[in-house]
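Structure first, commentary second.
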Amino acid sequence: MKARVSVGHELMRRKNAVFFTISRRFIRVWQRNWSVYRKTWKVSFLPPLFEPLFYLLAFGIGLSSFVGELSYRGFQVSYISFIAPALIAVNIMYNAFFENTYTSFVRMYYQKNFDAMLATPLSLEEIITGEIMWGATKSVIATAIMQSVISLLGFIHYPQGVLILPLSFLGGFAFGSFGMFITSIMPNIEIFNIPVFLFITPMFLFSETFFPINHLPDWVQKLSLLFPLTHLVRITRSLSFGLLDSGLLWNLAYLLIFSLIFFPLALLKMHSRLIK
Amino acid sequence: MCGRIDDPKGKSRVEYVIEAENLRKVFNNFVAVDGISFQVYPGECFGILGPNGAGKTSTIRMIYGFSPITSGKLRVFGLDITQKWRKIRARVGVCQQDNNLDADLNVRENLEIFAQYFNISRKQARGKAQSLLKFIALEHRQDDEVINLSGGMKRRLVLARALINDPDLLILDEPTTGLDPQSRHQVWDRLRELRSKKGLSILLTTHYMEEASQLCDRLIIMDHGRILVEGKPADLIRHHVGHVVIEVDDPSPKLRIFVQNHNLKHEDLGHRLIIYGQNQDSGRLFQEIDDQFVNENCILRMATLEDVFLKLTGRELRE
């Protein structure tokens, strides 16, 4: 009985310790990044505005004359409307992932922002959570801009398309958590090339982004289903086509589980990296 | 100020700002802080001195809850650091060793946004930032990016940032390392002003003895994670070195014999002999040595904290 009490006491102690403490104070870290973003928004909003246009021009117009129409879940769709939603999904991944890898790494390692914050009433968990939430926010901002452009071109079906915006937050949270996990184990900034080349580029290419995967070899299809981007692309594409069905819940569940694995992992690894 | 240092129940006043008891910090197998105990009183400027790797930074990082303590007890404002770290940090201002100003923000924003981390409202933060910028004489640079500031200006801004929450305890980790003499005196002036006006407690680490003598009411000298001595600078000098120091270059064997026969406290560095004058008669002793044993390069000077430091921590290079 006594032993039990002391274990309980120890847990209580830990709960209060610098460890494992997340309150809504993480918003302070988010606010800091938002303030910095507002200083440079005139430049920052340009890539999500023009990038989809470049891609649509190159792939949509350049390639679609060779591809023509293709069939997706029983529908005949033009190639350009097939890739338009995938571009949004890719952007959701890129914005959060790169924010929470390169940019967070700069803040952590070179600018020592986290060290400075750790002298204030913020816990490390709040700092990291704020960073990941910010990464997700950047995905939302980029999605909002990009979606407006693609909607103007008539590739998104409404009202279902409205759901892409909250989806971009979940997707951003998933890829941001993954990115932050990578950041926590990277010895220096050069090495980020490796996870980019190992995970991000294959996902960009093989997540049903630019072509359906059903005619690919079986093992590639299976691998593709492991990629979180595949699931994000499927939901984005279905919403763009105005197709809402229960099958999407599986894709959503995958993204949630992915987040629930990498978010705590990022916190844990960051803790062992920074709290000495 | 003292009145604010209450225990959690608000009943009795707590005697110490910092109370460390058998405090230890171990990294993997390396013992950085090896069971130290000390107290800091309200309104006091307390120094932690020591060569590189003595455990100074490890100690203060535990005090503001940056690194968890390995064992021992540590109370700040009478609160247990392992439990009440957030409350403690809210009342502490820290100047870390690196100038970790926010490079993405300008001078004013560095203060205003840092204030938000303490849940200080925007309006309040704006007012505080202005008065602090005035205090560190950087009002005219408030819209500059921090990267364009000189080393001394950055240091002053770090100091201002540490004051944004009106701390009861200011922690400074080597506040003037790498500064030119002008900038160093600027920082000292600001610190003296803080000490006299607000009566806040200051904890500082340094390896500049002059800095410690100038600023600290009391100090400890650490080495290899342990406390070697504790006391007021003047007392430490008198007790461990004496009043004056006589330094002789290339001492003759005769002089060495003289020193031994007279039982003088001394240190023999081979090419240099350092004799510690314990009392007021040291002037006469100097004359005697200068006349009888030395042709040139014999000097008499006041004993300093540096003499204490080198005597206690040794003269061999660290790291």
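The way I read the labels, and the way they are meant: chains A, B, ... in the order of the structure tokens, residue 1 as the first residue of every chain, and ligand 1 as the first ligand shown, with later ones counted on from there.
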
Mind running chain A against chain B at 8 Å and telling me each contacting residue's nearest atom pair with the distance in Å (one decimal), counting only C-alpha atoms, chain and number ascending, as a Markdown table?
| residue | atom | partner | partner_atom | distance |
| --- | --- | --- | --- | --- |
| A:Arg13 | CA | B:Gln83 | CA | 6.4 |
| A:Asn16 | CA | B:Gln83 | CA | 5.3 |
| A:Ala17 | CA | B:Thr82 | CA | 5.3 |
| A:Val18 | CA | B:Trp85 | CA | 7.0 |
| A:Arg25 | CA | B:Tyr117 | CA | 7.9 |
| A:Arg28 | CA | B:Tyr117 | CA | 5.7 |
| A:Val29 | CA | B:Tyr117 | CA | 7.5 |
| A:Arg32 | CA | B:Ile113 | CA | 6.5 |
| A:Val36 | CA | B:Asp104 | CA | 6.5 |
| A:Gln111 | CA | B:Asn100 | CA | 6.2 |
| A:Lys112 | CA | B:Asn100 | CA | 5.5 |
| A:Asn113 | CA | B:Asp102 | CA | 6.3 |
| A:Asp115 | CA | B:Asn100 | CA | 7.6 |
| A:Ala116 | CA | B:Asn100 | CA | 6.3 |
| A:Met117 | CA | B:Tyr117 | CA | 7.3 |
| A:Leu118 | CA | B:Phe66 | CA | 6.3 |
| A:Ala119 | CA | B:Val94 | CA | 6.3 |
| A:Thr120 | CA | B:Arg89 | CA | 5.6 |
| A:Pro121 | CA | B:Arg86 | CA | 4.9 |
| A:Leu122 | CA | B:Tyr117 | CA | 6.8 |
| A:Ile275 | CA | B:Ser67 | CA | 5.9 |
| A:Lys276 | CA | B:Ser67 | CA | 5.5 |

Next, dump the selected residues to file, keeping only C-alpha atoms, as a PDB file, in the first residue's frame.
ATOM      1  CA  ARG A  13       5.611  15.112  -8.963  1.00  0.00           C
ATOM      2  CA  ASN A  16       4.203  19.079 -12.271  1.00  0.00           C
ATOM      3  CA  ALA A  17       7.808  18.922 -13.310  1.00  0.00           C
ATOM      4  CA  VAL A  18       9.203  20.650 -16.365  1.00  0.00           C
ATOM      5  CA  ARG A  25       0.127  28.697 -23.052  1.00  0.00           C
ATOM      6  CA  ARG A  28       2.194  32.253 -26.976  1.00  0.00           C
ATOM      7  CA  VAL A  29       4.677  30.428 -29.154  1.00  0.00           C
ATOM      8  CA  ARG A  32       5.356  34.724 -31.828  1.00  0.00           C
ATOM      9  CA  VAL A  36       7.026  37.110 -37.568  1.00  0.00           C
ATOM     10  CA  GLN A 111      18.668  31.325 -33.029  1.00  0.00           C
ATOM     11  CA  LYS A 112      18.317  29.524 -29.686  1.00  0.00           C
ATOM     12  CA  ASN A 113      14.742  30.751 -29.415  1.00  0.00           C
ATOM     13  CA  ASP A 115      16.444  28.273 -24.894  1.00  0.00           C
ATOM     14  CA  ALA A 116      15.241  31.822 -24.361  1.00  0.00           C
ATOM     15  CA  MET A 117      11.640  30.652 -24.009  1.00  0.00           C
ATOM     16  CA  LEU A 118      12.695  28.073 -21.435  1.00  0.00           C
ATOM     17  CA  ALA A 119      13.609  30.926 -19.110  1.00  0.00           C
ATOM     18  CA  THR A 120       9.952  32.012 -19.120  1.00  0.00           C
ATOM     19  CA  PRO A 121       6.901  30.204 -17.730  1.00  0.00           C
ATOM     20  CA  LEU A 122       6.684  28.118 -20.929  1.00  0.00           C
ATOM     21  CA  ILE A 275      16.421  19.226 -21.509  1.00  0.00           C
ATOM     22  CA  LYS A 276      19.792  18.363 -20.096  1.00  0.00           C
TER      23      LYS A 276
END

Give me, as an MDAnalysis selection string, the residues of region 222-263 of chain A that a backbone DSSP run labels alpha helix (DSSP H). chainID A and resid 222:226 228:240 248:263

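When CA of Leu49 (chain B) is paired with CA of Thr205 (chain B), their separation reads 5.8 Å.
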
Which residues in region 36-155 of chain B does DSSP call strand (DSSP E or B)? List them as a short mmCIF file (atom, residue, chain, number, x, y, z; two decimals) with all heavy atoms, in the first residue's frame.
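Writing the result to result_25.cif gives the following:
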data_model
loop_
_atom_site.label_atom_id
_atom_site.label_comp_id
_atom_site.auth_asym_id
_atom_site.auth_seq_id
_atom_site.Cartn_x
_atom_site.Cartn_y
_atom_site.Cartn_z
N ILE B 36 26.30 20.69 -3.65
CA ILE B 36 26.61 22.00 -3.07
C ILE B 36 25.42 22.52 -2.26
O ILE B 36 24.27 22.21 -2.55
CB ILE B 36 27.01 23.03 -4.15
CG1 ILE B 36 25.86 23.29 -5.12
CG2 ILE B 36 28.25 22.56 -4.89
CD1 ILE B 36 26.14 24.44 -6.08
N SER B 37 25.75 23.30 -1.24
CA SER B 37 24.71 23.94 -0.42
C SER B 37 25.05 25.41 -0.27
O SER B 37 26.20 25.75 0.03
CB SER B 37 24.65 23.31 0.96
OG SER B 37 24.43 21.91 0.84
N PHE B 38 24.08 26.27 -0.50
CA PHE B 38 24.28 27.70 -0.25
C PHE B 38 22.93 28.39 -0.18
O PHE B 38 21.92 27.81 -0.57
CB PHE B 38 25.15 28.34 -1.34
CG PHE B 38 24.53 28.33 -2.72
CD1 PHE B 38 23.76 29.41 -3.16
CD2 PHE B 38 24.71 27.25 -3.57
CE1 PHE B 38 23.18 29.40 -4.43
CE2 PHE B 38 24.13 27.24 -4.83
CZ PHE B 38 23.36 28.31 -5.26
N GLN B 39 22.95 29.61 0.34
CA GLN B 39 21.71 30.39 0.41
C GLN B 39 21.96 31.79 -0.11
O GLN B 39 23.04 32.33 0.05
CB GLN B 39 21.22 30.51 1.87
CG GLN B 39 20.81 29.21 2.52
CD GLN B 39 22.01 28.52 3.15
OE1 GLN B 39 22.94 29.17 3.59
NE2 GLN B 39 21.98 27.20 3.20
N VAL B 40 20.93 32.35 -0.71
CA VAL B 40 21.00 33.74 -1.16
C VAL B 40 19.89 34.51 -0.45
O VAL B 40 18.74 34.07 -0.42
CB VAL B 40 20.83 33.83 -2.69
CG1 VAL B 40 20.82 35.29 -3.14
CG2 VAL B 40 21.94 33.07 -3.40
N CYS B 45 23.37 40.67 -3.86
CA CYS B 45 23.98 40.25 -5.13
C CYS B 45 24.98 39.15 -4.81
O CYS B 45 25.97 39.37 -4.12
CB CYS B 45 24.67 41.42 -5.82
SG CYS B 45 25.40 40.92 -7.39
N PHE B 46 24.68 37.97 -5.33
CA PHE B 46 25.45 36.78 -4.97
C PHE B 46 26.19 36.28 -6.21
O PHE B 46 25.59 36.14 -7.27
CB PHE B 46 24.48 35.72 -4.45
CG PHE B 46 25.14 34.50 -3.88
CD1 PHE B 46 25.52 34.47 -2.55
CD2 PHE B 46 25.35 33.38 -4.67
CE1 PHE B 46 26.12 33.35 -2.01
CE2 PHE B 46 25.96 32.25 -4.13
CZ PHE B 46 26.34 32.23 -2.79
N GLY B 47 27.47 36.02 -6.06
CA GLY B 47 28.26 35.58 -7.22
C GLY B 47 28.66 34.14 -7.13
O GLY B 47 28.90 33.62 -6.06
N ILE B 48 28.67 33.48 -8.31
CA ILE B 48 29.25 32.14 -8.39
C ILE B 48 30.47 32.26 -9.30
O ILE B 48 30.34 32.57 -10.47
CB ILE B 48 28.26 31.11 -8.95
CG1 ILE B 48 26.99 31.06 -8.10
CG2 ILE B 48 28.91 29.73 -8.99
CD1 ILE B 48 25.96 30.05 -8.58
N LEU B 49 31.64 32.03 -8.73
CA LEU B 49 32.87 32.14 -9.49
C LEU B 49 33.46 30.76 -9.71
O LEU B 49 33.23 29.86 -8.90
CB LEU B 49 33.89 33.00 -8.73
CG LEU B 49 33.79 34.51 -8.87
CD1 LEU B 49 32.48 35.01 -8.37
CD2 LEU B 49 34.92 35.18 -8.11
N SER B 71 19.75 15.39 -7.75
CA SER B 71 19.32 15.10 -6.38
C SER B 71 19.59 16.30 -5.51
O SER B 71 20.18 17.28 -5.94
CB SER B 71 20.04 13.86 -5.85
OG SER B 71 21.41 14.13 -5.74
N GLY B 72 19.14 16.23 -4.28
CA GLY B 72 19.27 17.36 -3.37
C GLY B 72 18.00 18.16 -3.33
O GLY B 72 16.97 17.72 -3.85
N LYS B 73 18.08 19.30 -2.68
CA LYS B 73 16.89 20.15 -2.56
C LYS B 73 17.20 21.52 -3.10
O LYS B 73 18.30 22.05 -2.90
CB LYS B 73 16.47 20.26 -1.09
CG LYS B 73 15.60 19.10 -0.66
CD LYS B 73 14.87 19.40 0.62
CE LYS B 73 13.98 18.22 0.98
NZ LYS B 73 14.06 17.89 2.40
N LEU B 74 16.25 22.11 -3.78
CA LEU B 74 16.43 23.46 -4.29
C LEU B 74 15.12 24.21 -4.19
O LEU B 74 14.10 23.80 -4.75
CB LEU B 74 16.89 23.39 -5.76
CG LEU B 74 17.13 24.72 -6.46
CD1 LEU B 74 18.17 25.56 -5.72
CD2 LEU B 74 17.59 24.50 -7.90
N ARG B 75 15.16 25.27 -3.40
CA ARG B 75 13.96 26.11 -3.24
C ARG B 75 14.28 27.51 -3.69
O ARG B 75 15.32 28.06 -3.34
CB ARG B 75 13.50 26.09 -1.78
CG ARG B 75 13.08 24.72 -1.28
CD ARG B 75 12.82 24.73 0.21
NE ARG B 75 11.47 25.17 0.51
CZ ARG B 75 10.39 24.40 0.38
NH1 ARG B 75 10.52 23.17 -0.06
NH2 ARG B 75 9.21 24.87 0.67
N VAL B 76 13.38 28.08 -4.49
CA VAL B 76 13.53 29.47 -4.92
C VAL B 76 12.27 30.20 -4.45
O VAL B 76 11.16 29.71 -4.70
CB VAL B 76 13.68 29.56 -6.46
CG1 VAL B 76 13.90 31.00 -6.89
CG2 VAL B 76 14.83 28.68 -6.93
N LEU B 79 9.90 28.12 -2.77
CA LEU B 79 9.12 27.13 -3.52
C LEU B 79 10.04 26.05 -4.07
O LEU B 79 11.15 26.33 -4.51
CB LEU B 79 8.40 27.81 -4.70
CG LEU B 79 7.50 29.01 -4.36
CD1 LEU B 79 7.07 29.71 -5.65
CD2 LEU B 79 6.28 28.54 -3.58
N ASP B 80 9.54 24.83 -4.09
CA ASP B 80 10.32 23.71 -4.60
C ASP B 80 10.40 23.79 -6.12
O ASP B 80 9.38 23.83 -6.81
CB ASP B 80 9.62 22.40 -4.18
CG ASP B 80 10.46 21.18 -4.56
OD1 ASP B 80 11.35 21.31 -5.42
OD2 ASP B 80 10.21 20.12 -3.98
N VAL B 92 11.37 35.28 -12.13
CA VAL B 92 12.81 35.30 -12.34
C VAL B 92 13.11 35.91 -13.71
O VAL B 92 12.36 35.71 -14.65
CB VAL B 92 13.39 33.87 -12.27
CG1 VAL B 92 14.85 33.85 -12.69
CG2 VAL B 92 13.25 33.31 -10.86
N GLY B 93 14.17 36.69 -13.80
CA GLY B 93 14.65 37.18 -15.09
C GLY B 93 16.01 36.55 -15.35
O GLY B 93 16.83 36.49 -14.44
N VAL B 94 16.22 36.05 -16.57
CA VAL B 94 17.46 35.33 -16.85
C VAL B 94 18.20 35.93 -18.05
O VAL B 94 17.61 36.13 -19.10
CB VAL B 94 17.17 33.84 -17.15
CG1 VAL B 94 18.48 33.08 -17.30
CG2 VAL B 94 16.31 33.21 -16.07
N CYS B 95 19.48 36.24 -17.85
CA CYS B 95 20.36 36.56 -18.99
C CYS B 95 21.21 35.33 -19.22
O CYS B 95 22.15 35.08 -18.47
CB CYS B 95 21.29 37.71 -18.67
SG CYS B 95 20.51 39.30 -18.63
N ASN B 106 12.59 42.77 -34.38
CA ASN B 106 13.43 43.95 -34.13
C ASN B 106 13.58 44.18 -32.62
O ASN B 106 13.07 43.40 -31.82
CB ASN B 106 12.88 45.18 -34.88
CG ASN B 106 11.56 45.68 -34.31
OD1 ASN B 106 11.26 45.46 -33.14
ND2 ASN B 106 10.77 46.33 -35.13
N GLU B 145 16.80 45.89 -36.61
CA GLU B 145 16.91 44.44 -36.44
C GLU B 145 18.05 44.17 -35.46
O GLU B 145 19.05 44.88 -35.47
CB GLU B 145 17.20 43.76 -37.78
CG GLU B 145 16.07 43.90 -38.80
CD GLU B 145 14.74 43.35 -38.31
OE1 GLU B 145 14.73 42.23 -37.78
OE2 GLU B 145 13.72 44.06 -38.44
#

For Gln292 (chain B), the nearest of the candidates B:Leu236, B:Ile275, B:Leu255, B:Val31, counting only C-alpha atoms: B:Leu255

Can you tell me which residues surround Ala234 (chain B) at a distance of at most 12 Å, considering only C-alpha atoms, apart from same-chain residues fewer than 2 positions away, and format the answer as an mmCIF file with N, CA, C and O atoms, in the first residue's frame?
data_model
loop_
_atom_site.group_PDB
_atom_site.id
_atom_site.type_symbol
_atom_site.label_atom_id
_atom_site.label_comp_id
_atom_site.auth_asym_id
_atom_site.auth_seq_id
_atom_site.Cartn_x
_atom_site.Cartn_y
_atom_site.Cartn_z
ATOM 1 N N ALA B 212 33.233 40.492 -10.069
ATOM 2 C CA ALA B 212 32.718 39.947 -8.816
ATOM 3 C C ALA B 212 32.983 40.909 -7.662
ATOM 4 O O ALA B 212 32.101 41.181 -6.851
ATOM 5 N N SER B 213 34.209 41.479 -7.615
ATOM 6 C CA SER B 213 34.538 42.412 -6.536
ATOM 7 C C SER B 213 33.643 43.638 -6.590
ATOM 8 O O SER B 213 33.225 44.172 -5.575
ATOM 9 N N GLN B 214 33.390 44.090 -7.821
ATOM 10 C CA GLN B 214 32.597 45.316 -8.002
ATOM 11 C C GLN B 214 31.141 45.118 -7.607
ATOM 12 O O GLN B 214 30.528 46.016 -7.074
ATOM 13 N N CYS B 216 29.449 41.968 -6.285
ATOM 14 C CA CYS B 216 28.875 40.965 -5.379
ATOM 15 C C CYS B 216 28.999 41.337 -3.910
ATOM 16 O O CYS B 216 30.057 41.744 -3.450
ATOM 17 N N ASP B 217 27.923 41.154 -3.184
ATOM 18 C CA ASP B 217 27.965 41.276 -1.733
ATOM 19 C C ASP B 217 28.632 40.048 -1.144
ATOM 20 O O ASP B 217 29.395 40.127 -0.195
ATOM 21 N N ARG B 218 28.318 38.921 -1.734
ATOM 22 C CA ARG B 218 28.827 37.662 -1.223
ATOM 23 C C ARG B 218 29.035 36.744 -2.407
ATOM 24 O O ARG B 218 28.367 36.892 -3.428
ATOM 25 N N LEU B 219 29.928 35.789 -2.282
ATOM 26 C CA LEU B 219 30.152 34.899 -3.418
ATOM 27 C C LEU B 219 30.667 33.545 -2.972
ATOM 28 O O LEU B 219 31.116 33.375 -1.836
ATOM 29 N N GLU B 230 33.247 30.355 0.588
ATOM 30 C CA GLU B 230 32.089 31.219 0.519
ATOM 31 C C GLU B 230 32.355 32.416 1.414
ATOM 32 O O GLU B 230 32.936 32.264 2.494
ATOM 33 N N GLY B 231 31.975 33.608 0.968
ATOM 34 C CA GLY B 231 32.142 34.763 1.841
ATOM 35 C C GLY B 231 32.037 36.078 1.101
ATOM 36 O O GLY B 231 31.722 36.116 -0.087
ATOM 37 N N LYS B 232 32.302 37.172 1.831
ATOM 38 C CA LYS B 232 32.326 38.490 1.202
ATOM 39 C C LYS B 232 33.672 38.655 0.511
ATOM 40 O O LYS B 232 34.692 38.184 1.045
ATOM 41 N N LEU B 236 37.275 37.310 2.000
ATOM 42 C CA LEU B 236 37.976 36.201 1.351
ATOM 43 C C LEU B 236 39.415 36.588 1.043
ATOM 44 O O LEU B 236 40.335 35.798 1.219
ATOM 45 N N ILE B 237 39.590 37.820 0.571
ATOM 46 C CA ILE B 237 40.935 38.275 0.236
ATOM 47 C C ILE B 237 41.790 38.307 1.497
ATOM 48 O O ILE B 237 42.899 37.769 1.529
ATOM 49 N N ARG B 238 41.261 38.907 2.556
ATOM 50 C CA ARG B 238 42.040 39.032 3.793
ATOM 51 C C ARG B 238 42.379 37.649 4.352
ATOM 52 O O ARG B 238 43.487 37.378 4.765
ATOM 53 N N HIS B 239 41.405 36.770 4.303
ATOM 54 C CA HIS B 239 41.589 35.466 4.927
ATOM 55 C C HIS B 239 42.542 34.567 4.144
ATOM 56 O O HIS B 239 43.371 33.868 4.702
ATOM 57 N N HIS B 240 42.410 34.575 2.828
ATOM 58 C CA HIS B 240 43.189 33.613 2.033
ATOM 59 C C HIS B 240 44.476 34.172 1.477
ATOM 60 O O HIS B 240 45.385 33.423 1.151
ATOM 61 N N VAL B 241 44.575 35.471 1.348
ATOM 62 C CA VAL B 241 45.769 36.037 0.746
ATOM 63 C C VAL B 241 46.444 37.041 1.671
ATOM 64 O O VAL B 241 47.658 37.021 1.843
ATOM 65 N N GLY B 242 45.680 37.876 2.257
ATOM 66 C CA GLY B 242 46.272 38.907 3.100
ATOM 67 C C GLY B 242 46.001 40.279 2.533
ATOM 68 O O GLY B 242 45.055 40.461 1.778
ATOM 69 N N HIS B 243 46.838 41.240 2.898
ATOM 70 C CA HIS B 243 46.601 42.606 2.453
ATOM 71 C C HIS B 243 47.264 42.917 1.132
ATOM 72 O O HIS B 243 46.698 43.571 0.279
ATOM 73 N N MET B 302 48.193 45.626 -4.057
ATOM 74 C CA MET B 302 47.095 45.194 -3.195
ATOM 75 C C MET B 302 46.694 43.768 -3.571
ATOM 76 O O MET B 302 46.714 43.406 -4.742
ATOM 77 N N ALA B 303 46.340 42.989 -2.583
ATOM 78 C CA ALA B 303 45.808 41.650 -2.867
ATOM 79 C C ALA B 303 44.421 41.788 -3.485
ATOM 80 O O ALA B 303 43.655 42.688 -3.126
ATOM 81 N N THR B 304 44.119 40.930 -4.457
ATOM 82 C CA THR B 304 42.808 40.982 -5.119
ATOM 83 C C THR B 304 42.119 39.624 -5.037
ATOM 84 O O THR B 304 42.724 38.620 -4.646
ATOM 85 N N LEU B 305 40.889 39.632 -5.486
ATOM 86 C CA LEU B 305 40.128 38.395 -5.526
ATOM 87 C C LEU B 305 40.768 37.393 -6.487
ATOM 88 O O LEU B 305 40.670 36.184 -6.310
ATOM 89 N N GLU B 306 41.441 37.932 -7.500
ATOM 90 C CA GLU B 306 42.106 37.057 -8.458
ATOM 91 C C GLU B 306 43.181 36.210 -7.782
ATOM 92 O O GLU B 306 43.383 35.054 -8.132
ATOM 93 N N ASP B 307 43.864 36.809 -6.805
ATOM 94 C CA ASP B 307 44.870 36.051 -6.055
ATOM 95 C C ASP B 307 44.212 34.891 -5.312
ATOM 96 O O ASP B 307 44.728 33.781 -5.284
ATOM 97 N N VAL B 308 43.062 35.194 -4.705
ATOM 98 C CA VAL B 308 42.329 34.141 -3.988
ATOM 99 C C VAL B 308 41.942 33.034 -4.960
ATOM 100 O O VAL B 308 42.143 31.843 -4.705
#

Can you pull out the residues contacting Met133 (chain A)? Cut-off 7 Å, using only C-alpha atoms, and skip same-chain residues under 4 positions away; I want them as an mmCIF file with N, CA, C and O atoms, in the first residue's frame.
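The resulting file, selection_16.cif, is shown below:
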data_model
loop_
_atom_site.group_PDB
_atom_site.id
_atom_site.type_symbol
_atom_site.label_atom_id
_atom_site.label_comp_id
_atom_site.auth_asym_id
_atom_site.auth_seq_id
_atom_site.Cartn_x
_atom_site.Cartn_y
_atom_site.Cartn_z
ATOM 1 N N TRP A 30 2.875 30.158 -30.703
ATOM 2 C CA TRP A 30 2.173 30.326 -31.979
ATOM 3 C C TRP A 30 2.104 31.813 -32.336
ATOM 4 O O TRP A 30 2.389 32.199 -33.462
ATOM 5 N N THR A 129 4.635 22.164 -29.023
ATOM 6 C CA THR A 129 3.243 22.135 -29.470
ATOM 7 C C THR A 129 2.920 23.417 -30.256
ATOM 8 O O THR A 129 2.294 23.363 -31.318
ATOM 9 N N THR A 137 -0.880 25.662 -39.054
ATOM 10 C CA THR A 137 -1.502 26.925 -39.474
ATOM 11 C C THR A 137 -0.968 27.370 -40.833
ATOM 12 O O THR A 137 -1.714 27.870 -41.684
ATOM 13 N N PHE A 173 -0.990 19.194 -39.159
ATOM 14 C CA PHE A 173 -0.601 18.709 -37.835
ATOM 15 C C PHE A 173 0.152 17.387 -37.962
ATOM 16 O O PHE A 173 1.169 17.170 -37.295
#

Excluding region 185-189 of chain A and any residue of its chain fewer than 3 positions from it, enumerate the residues within 9 Å of it, using only C-alpha atoms, and give them as number ranges by chain. A: 101-102, 105-106, 109, 180-182, 192-193, 269-270, 273

For a test of reading the model, state the distance in Å between CA of Ser168 (chain A) and CA of Phe258 (chain A), rounded to one decimal. 14.6 Å

Long-range neighbours of region 52-61 of chain A as a ChimeraX atom specification, 12 Å cut-off, only C-alpha atoms, 2 positions minimum in chain: /A:46-50,63-69,78-91,142-143,145-153,155,209-211

Kindly give the distance, in Å, that separates CA of Leu132 (chain B) and CA of Leu159 (chain B), rounded to a single decimal.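 CA of Leu159 (chain B) lies 9.3 Å from CA of Leu132 (chain B).
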
Give me the residues near Gly270 (chain B) as a CSV table (one decimal) with N, CA and C atoms, in the first residue's frame, where near means some atom within 12 Å (using only C-alpha atoms) and where sequence neighbours in that chain fewer than 4 positions away do not count.
chain,number,residue,atom,x,y,z
B,248,VAL,N,58.0,38.7,-7.3
B,248,VAL,CA,59.4,38.8,-7.7
B,248,VAL,C,59.7,37.9,-8.9
B,249,ASP,N,60.2,38.6,-10.0
B,249,ASP,CA,60.6,37.8,-11.2
B,249,ASP,C,61.9,37.2,-11.0
B,250,ASP,N,62.2,36.0,-11.5
B,250,ASP,CA,63.4,35.3,-11.4
B,250,ASP,C,64.0,35.3,-10.0
B,251,PRO,N,63.4,34.8,-9.0
B,251,PRO,CA,63.9,34.9,-7.7
B,251,PRO,C,65.2,34.1,-7.5
B,252,SER,N,66.1,34.7,-6.7
B,252,SER,CA,67.4,34.1,-6.4
B,252,SER,C,67.2,33.0,-5.3
B,253,PRO,N,68.1,32.0,-5.3
B,253,PRO,CA,68.0,30.9,-4.3
B,253,PRO,C,68.1,31.6,-2.9
B,256,ARG,N,64.7,32.6,-1.8
B,256,ARG,CA,63.9,31.4,-1.5
B,256,ARG,C,64.1,30.9,0.0
B,274,ILE,N,55.6,34.5,-5.6
B,274,ILE,CA,54.5,35.3,-5.1
B,274,ILE,C,54.5,35.2,-3.6
